[in-house]
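Q: Contents are mmCIF, C-alpha atoms; file name entry-v8.cif:
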data_target
#
loop_
_atom_site.label_atom_id
_atom_site.label_comp_id
_atom_site.auth_asym_id
_atom_site.auth_seq_id
_atom_site.Cartn_x
_atom_site.Cartn_y
_atom_site.Cartn_z
CA MET A 13 -1.13 9.90 -19.44
CA ASN A 14 -1.32 7.57 -16.43
CA THR A 15 2.22 6.16 -16.47
CA ARG A 16 5.25 6.39 -14.19
CA ARG A 17 7.50 6.77 -17.20
CA TYR A 18 7.33 5.95 -20.88
CA ILE A 19 8.90 2.51 -20.52
CA GLY A 20 11.51 1.20 -18.11
CA GLU A 21 14.54 -1.06 -18.04
CA ASN A 22 12.65 -4.32 -17.36
CA VAL A 23 9.49 -4.62 -19.40
CA ILE A 24 6.84 -7.25 -20.12
CA LEU A 25 4.96 -6.85 -23.39
CA CYS A 26 1.35 -8.07 -23.22
CA MET A 27 -0.37 -8.64 -26.57
CA PHE A 28 -3.98 -7.85 -25.75
CA SER A 29 -7.18 -8.77 -27.63
CA GLY A 30 -9.90 -7.95 -25.09
CA GLY A 31 -10.92 -11.61 -24.70
CA LEU A 32 -11.21 -13.46 -21.40
CA ASP A 33 -7.77 -15.08 -21.70
CA SER A 34 -5.73 -11.99 -22.54
CA THR A 35 -7.67 -9.90 -20.01
CA ALA A 36 -6.80 -12.38 -17.27
CA ALA A 37 -3.16 -12.38 -18.41
CA LEU A 38 -3.04 -8.58 -18.26
CA TYR A 39 -4.87 -8.40 -14.93
CA LYS A 40 -2.42 -10.87 -13.42
CA LEU A 41 0.53 -8.79 -14.68
CA LEU A 42 -0.95 -5.65 -13.13
CA THR A 43 -1.97 -7.08 -9.75
CA ASP A 44 0.46 -9.90 -8.93
CA LYS A 45 3.44 -8.71 -6.86
CA GLU A 46 5.63 -11.17 -8.77
CA TYR A 47 5.70 -8.63 -11.61
CA ASP A 48 6.22 -5.46 -9.57
CA ASP A 49 9.79 -5.11 -10.84
CA TYR A 50 8.59 -4.92 -14.45
CA ASP A 51 6.94 -2.11 -16.38
CA ILE A 52 3.96 -3.38 -18.36
CA TYR A 53 3.52 -2.46 -22.02
CA VAL A 54 0.16 -3.44 -23.55
CA HIS A 55 -0.40 -3.61 -27.30
CA HIS A 56 -3.61 -4.35 -29.21
CA ILE A 57 -3.63 -5.25 -32.90
CA GLN A 58 -6.90 -4.37 -34.62
CA ILE A 59 -6.99 -7.13 -37.24
CA ILE A 60 -9.56 -6.31 -39.91
CA ASN A 61 -10.72 -9.42 -41.76
CA ALA A 62 -13.83 -11.18 -43.01
CA ALA A 63 -14.81 -12.32 -39.50
CA LYS A 64 -15.42 -8.65 -38.57
CA ARG A 65 -14.69 -9.21 -34.90
CA HIS A 66 -12.19 -6.34 -34.85
CA LYS A 67 -15.04 -3.93 -34.06
CA ALA A 68 -16.17 -5.89 -31.02
CA GLU A 69 -12.61 -6.45 -29.85
CA LYS A 70 -11.76 -2.74 -30.09
CA VAL A 71 -14.81 -1.84 -27.98
CA ALA A 72 -13.77 -4.43 -25.39
CA VAL A 73 -10.12 -3.31 -25.36
CA ASP A 74 -10.98 0.39 -25.00
CA ASN A 75 -13.47 -0.29 -22.20
CA ILE A 76 -11.12 -2.63 -20.33
CA VAL A 77 -8.17 -0.22 -20.54
CA LYS A 78 -10.40 2.58 -19.23
CA GLN A 79 -11.75 0.40 -16.41
CA LEU A 80 -8.27 -0.70 -15.35
CA ARG A 81 -6.96 2.87 -15.28
CA GLN A 82 -9.96 4.78 -13.94
CA GLY A 83 -12.18 2.24 -12.22
CA LEU A 84 -9.89 -0.35 -10.67
CA ARG A 85 -6.88 2.01 -10.60
CA VAL A 86 -4.33 -0.76 -10.96
CA ARG A 87 -0.63 0.01 -11.37
CA PRO A 88 0.30 2.20 -14.37
CA PHE A 89 0.90 0.66 -17.78
CA LYS A 90 1.73 1.86 -21.28
CA TYR A 91 -0.85 1.12 -23.98
CA SER A 92 -0.64 1.31 -27.77
CA THR A 93 -2.53 -0.06 -30.75
CA SER A 94 -1.97 -0.86 -34.42
CA THR A 95 -4.23 -1.82 -37.32
CA VAL A 96 -3.71 -4.49 -40.00
CA ASN A 97 -6.24 -5.03 -42.79
CA THR A 98 -6.24 -8.56 -44.25
CA GLU A 99 -9.69 -8.44 -45.88
CA PHE A 100 -8.08 -8.84 -49.30
CA LEU A 101 -7.16 -12.43 -48.37
CA HIS A 102 -10.85 -13.35 -48.38
CA THR A 103 -11.34 -12.47 -52.05
CA PRO A 104 -11.16 -14.83 -55.08
CA GLY A 105 -7.69 -16.22 -55.56
CA PHE A 106 -7.00 -16.61 -51.83
CA ARG A 107 -8.06 -19.21 -49.29
CA GLY A 108 -9.43 -17.70 -46.11
CA PHE A 109 -7.46 -15.10 -44.20
CA MET A 110 -4.33 -14.87 -42.11
CA SER A 111 -4.14 -16.54 -38.70
CA ASP A 112 -4.23 -14.03 -35.87
CA VAL A 113 -1.30 -15.65 -34.08
CA CYS A 114 1.01 -15.08 -37.04
CA LEU A 115 0.40 -11.35 -36.85
CA VAL A 116 0.62 -11.28 -33.06
CA ALA A 117 3.98 -13.04 -33.08
CA PHE A 118 5.39 -10.82 -35.84
CA ILE A 119 4.21 -7.51 -34.36
CA ALA A 120 5.49 -8.61 -30.93
CA SER A 121 8.89 -9.31 -32.45
CA GLN A 122 8.99 -5.88 -34.08
CA ILE A 123 8.15 -4.16 -30.80
CA CYS A 124 10.88 -6.16 -29.05
CA LEU A 125 13.38 -5.35 -31.81
CA ARG A 126 12.87 -1.68 -31.08
CA ASN A 127 13.01 -1.89 -27.30
CA HIS A 128 15.62 -4.27 -25.93
CA ASN A 129 14.38 -3.76 -22.37
CA ILE A 130 11.42 -6.05 -23.08
CA ARG A 131 12.30 -9.31 -21.33
CA LYS A 132 9.07 -11.27 -21.88
CA PHE A 133 6.08 -11.15 -24.16
CA VAL A 134 2.73 -12.52 -23.07
CA ILE A 135 -0.48 -13.64 -24.76
CA GLY A 136 -3.48 -15.43 -23.25
CA VAL A 137 -2.91 -19.18 -23.58
CA THR A 138 -4.73 -21.36 -21.04
CA ASN A 139 -4.27 -24.87 -19.71
CA SER A 140 -7.30 -26.06 -21.69
CA ASP A 141 -5.78 -24.53 -24.83
CA LYS A 142 -2.51 -26.35 -24.22
CA ARG A 143 -4.31 -29.72 -24.11
CA ASN A 144 -5.59 -29.09 -27.63
CA PRO A 145 -3.18 -30.54 -30.27
CA GLY A 146 -4.00 -27.63 -32.57
CA THR A 147 -2.97 -25.18 -29.86
CA ALA A 148 0.38 -26.93 -29.49
CA ILE A 149 0.98 -26.26 -33.19
CA ARG A 150 -0.14 -22.65 -32.70
CA ASN A 151 2.34 -22.18 -29.86
CA ARG A 152 5.17 -23.57 -31.96
CA THR A 153 4.13 -21.21 -34.75
CA ILE A 154 4.20 -18.22 -32.40
CA GLN A 155 7.62 -19.18 -31.09
CA SER A 156 9.04 -19.86 -34.58
CA ILE A 157 7.81 -16.58 -36.09
CA PHE A 158 8.91 -14.58 -33.07
CA ASP A 159 12.40 -16.12 -33.00
CA ALA A 160 12.89 -15.87 -36.77
CA ALA A 161 11.91 -12.20 -36.87
CA LEU A 162 14.19 -11.34 -33.94
CA THR A 163 17.25 -12.69 -35.73
CA GLU A 164 17.04 -9.74 -38.12
CA GLY A 165 18.71 -6.97 -36.17
CA TYR A 166 18.54 -8.05 -32.52
CA PRO A 167 21.87 -7.42 -30.73
CA GLU A 168 23.92 -10.54 -30.14
CA THR A 169 24.98 -9.16 -26.74
CA VAL A 170 21.39 -8.94 -25.46
CA GLU A 171 19.47 -12.01 -24.32
CA TYR A 172 16.34 -12.69 -26.36
CA PRO A 173 12.99 -11.94 -24.69
CA ILE A 174 10.99 -15.07 -23.96
CA TYR A 175 7.47 -16.10 -24.95
CA TYR A 176 5.91 -16.35 -21.49
CA GLN A 177 2.60 -18.19 -20.95
CA ILE A 178 1.55 -16.43 -17.78
CA VAL A 179 -1.85 -18.16 -17.48
CA GLY A 180 -0.76 -21.39 -19.16
CA ASP A 181 -1.46 -23.47 -16.06
CA LEU A 182 -4.98 -22.13 -15.57
CA SER A 183 -8.29 -23.25 -17.08
CA LYS A 184 -10.88 -20.85 -18.48
CA GLN A 185 -12.93 -21.40 -15.33
CA GLU A 186 -9.94 -20.35 -13.21
CA LEU A 187 -9.42 -17.26 -15.38
CA TRP A 188 -13.10 -16.40 -14.90
CA ASP A 189 -12.70 -16.75 -11.13
CA LEU A 190 -9.54 -14.62 -11.18
CA LEU A 191 -11.18 -11.57 -12.75
CA PRO A 192 -13.50 -9.02 -11.11
CA ASN A 193 -17.05 -9.22 -12.45
CA ASN A 194 -16.89 -5.70 -13.87
CA LEU A 195 -13.93 -6.72 -16.07
CA ILE A 196 -15.52 -9.99 -17.17
CA ALA A 197 -18.57 -8.05 -18.36
CA LEU A 198 -16.37 -5.96 -20.67
CA THR A 199 -14.53 -8.82 -22.39
CA HIS A 200 -15.36 -10.12 -25.87
CA SER A 201 -14.36 -13.64 -26.87
CA CYS A 202 -16.76 -14.58 -29.69
CA ARG A 203 -15.04 -15.48 -32.96
CA LYS A 204 -17.96 -14.53 -35.24
CA PRO A 205 -20.01 -11.69 -33.74
CA SER A 206 -22.85 -9.88 -35.50
CA TYR A 207 -23.86 -6.24 -35.21
CA LEU A 208 -27.02 -4.12 -35.15
CA GLY A 209 -26.08 -0.49 -34.95
CA ASP A 210 -23.88 -0.11 -31.88
CA ARG A 211 -25.06 -3.42 -30.41
CA ILE A 212 -22.79 -6.48 -30.55
CA PHE A 213 -24.17 -10.01 -30.51
CA PRO A 214 -22.10 -13.17 -29.86
CA CYS A 215 -22.79 -16.06 -32.21
CA ASN A 216 -23.17 -18.56 -29.32
CA LYS A 217 -21.92 -21.25 -31.69
CA CYS A 218 -18.14 -20.90 -31.88
CA LYS A 219 -15.87 -22.89 -29.56
CA THR A 220 -15.15 -19.93 -27.31
CA CYS A 221 -18.82 -18.95 -26.98
CA ILE A 222 -19.67 -22.51 -25.96
CA GLU A 223 -16.90 -22.54 -23.33
CA ILE A 224 -17.96 -19.17 -21.90
CA ASN A 225 -21.65 -20.11 -21.85
CA ASN A 226 -20.86 -23.36 -20.01
CA ILE A 227 -18.97 -21.37 -17.36
CA LYS A 228 -21.91 -18.97 -16.98
CA LYS A 229 -24.26 -21.90 -16.42
CA GLY A 230 -22.03 -22.94 -13.57
#
In structure tokens, how does this file's structure come out?
A:
Amino acid sequence: MNTRRYIGENVILCMFSGGLDSTAALYKLLTDKEYDDYDIYVHHIQIINAAKRHKAEKVAVDNIVKQLRQGLRVRPFKYSTSTVNTEFLHTPGFRGFMSDVCLVAFIASQICLRNHNIRKFVIGVTNSDKRNPGTAIRNRTIQSIFDAALTEGYPETVEYPIYYQIVGDLSKQELWDLLPNNLIALTHSCRKPSYLGDRIFPCNKCKTCIEINNIKKG
């Protein structure tokens, strides 16, 4: 495996979905000298639900990890994945399905509980996201779930890891400009993709598709 060591004494955990935002966050961690003193641990949660985007996200994540390691040959990083099936929440008796951020925050907390060398955890949250009132609520939710879960078993003598918004001051356009074209081509950001065999089609109607398409139009 392409790593210097399993995981070091100063670690940043990057929760990775394969979308434009989290890809830019990961790329910045792996290429910016500011983070050279940290080992990078990347984790992808394959969230299976009624939206069915887990298939497209897994393809994107696998391709991006391969490109970073073999194509771009960035600094080494540890990568792992987990799977959570919440399809049952879309059946009669339930309303919709679980928010992704709730799972991301909880799984991040569990990873941090089991490695106290993780000093920060990162997800892709942009400047445009932060201007959205709904995103402000989402960020508070992430922080609340993460902090609450850490209180169960985290050593009192060790400082809590922080929720670090590494691309929080950047717009989606700036993230697009930050990434190499060959990485951009591998990302998947559509919220409601469709499939035909092995082919993946964005809906071109969800908020993220509209934002990405506007950037492409220039």
Q: Could you name the residues that touch A:Pro214 at 9 Å or less, counting only C-alpha atoms, but leaving out those on the same chain fewer than 4 positions away, as a list in words?
A: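 Surrounding residues, per the criterion: His200, Ser201, Cys202, Arg203, Lys204, Pro205, Ser206, Tyr207, Cys218 and Cys221 of chain A.
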Q: Which residue gives the smallest distance to A:Glu164 among A:Ser94, A:Thr103, A:Ser111, A:Ser121, with only C-alpha atoms counted?
A: A:Ser121
Q: Find the residue from A:Gly108, A:Pro173, A:Gly165, A:Gly31 that sits nearest to A:Glu69; use only C-alpha atoms when measuring.
A: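 Of A:Gly108, A:Pro173, A:Gly165, A:Gly31, the one nearest A:Glu69, counting only C-alpha atoms, is A:Gly31.
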Q: With distances taken over all atoms listed in the file, which of A:Val113, A:Ile212, A:Ile222, A:Leu41 is nearest to A:Lys64?
A: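 Looking at the shortest contact to A:Lys64, the residue is A:Ile212.
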Q: Using all atoms listed in the file, collect all residues at a distance of at most 12 Å from (-4.0, -13.7, -45.0) as written in the file, then present them as number ranges by chain.
A: A: 59-62, 96-103, 105-115
Q: Mind dumping the selected residues with C-alpha atoms as a PDB file, in the frame of the given file?
A:
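Okay, part-v9.pdb is ready:
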ATOM      1  CA  ILE A  59      -6.990  -7.130 -37.240  1.00  0.00           C
ATOM      2  CA  ILE A  60      -9.560  -6.310 -39.910  1.00  0.00           C
ATOM      3  CA  ASN A  61     -10.720  -9.420 -41.760  1.00  0.00           C
ATOM      4  CA  ALA A  62     -13.830 -11.180 -43.010  1.00  0.00           C
ATOM      5  CA  VAL A  96      -3.710  -4.490 -40.000  1.00  0.00           C
ATOM      6  CA  ASN A  97      -6.240  -5.030 -42.790  1.00  0.00           C
ATOM      7  CA  THR A  98      -6.240  -8.560 -44.250  1.00  0.00           C
ATOM      8  CA  GLU A  99      -9.690  -8.440 -45.880  1.00  0.00           C
ATOM      9  CA  PHE A 100      -8.080  -8.840 -49.300  1.00  0.00           C
ATOM     10  CA  LEU A 101      -7.160 -12.430 -48.370  1.00  0.00           C
ATOM     11  CA  HIS A 102     -10.850 -13.350 -48.380  1.00  0.00           C
ATOM     12  CA  THR A 103     -11.340 -12.470 -52.050  1.00  0.00           C
ATOM     13  CA  GLY A 105      -7.690 -16.220 -55.560  1.00  0.00           C
ATOM     14  CA  PHE A 106      -7.000 -16.610 -51.830  1.00  0.00           C
ATOM     15  CA  ARG A 107      -8.060 -19.210 -49.290  1.00  0.00           C
ATOM     16  CA  GLY A 108      -9.430 -17.700 -46.110  1.00  0.00           C
ATOM     17  CA  PHE A 109      -7.460 -15.100 -44.200  1.00  0.00           C
ATOM     18  CA  MET A 110      -4.330 -14.870 -42.110  1.00  0.00           C
ATOM     19  CA  SER A 111      -4.140 -16.540 -38.700  1.00  0.00           C
ATOM     20  CA  ASP A 112      -4.230 -14.030 -35.870  1.00  0.00           C
ATOM     21  CA  VAL A 113      -1.300 -15.650 -34.080  1.00  0.00           C
ATOM     22  CA  CYS A 114       1.010 -15.080 -37.040  1.00  0.00           C
ATOM     23  CA  LEU A 115       0.400 -11.350 -36.850  1.00  0.00           C
TER      24      LEU A 115
END
Q: Kindly resolve the PyMOL selection byres ((chain A and resi 167) around 12) on the present coordinates and return the residues as JSON, numbers by chain.
A: {"A": [124, 125, 126, 127, 128, 129, 162, 163, 164, 165, 166, 168, 169, 170, 171, 172, 173]}
Q: Taking all atoms listed in the file into account, name the residue in A:Leu182, A:Ile227, A:Asn194, A:Gly209 that is nearest to A:Lys78.
A: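 Closest residue, counting all atoms listed in the file: A:Asn194.
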Q: Could you tell me which of A:Ala36, A:Ile52, A:Leu190, A:Ile154 comes closest to A:Val116 if we count all atoms listed in the file?
A: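 Comparing A:Ala36, A:Ile52, A:Leu190, A:Ile154 against A:Val116, the winner is A:Ile154.
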Q: Expressed in Å to a single decimal, how great is the separation between atom CA of A:Arg85 and atom CA of A:Gly180?
A: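 That distance, rounded to one decimal, is 25.7 Å.
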Q: In Å to one decimal, how far is atom CA of A:Lys67 from atom CA of A:Phe213?
A: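 According to the coordinates, atom CA of A:Phe213 and atom CA of A:Lys67 are separated by 11.5 Å.
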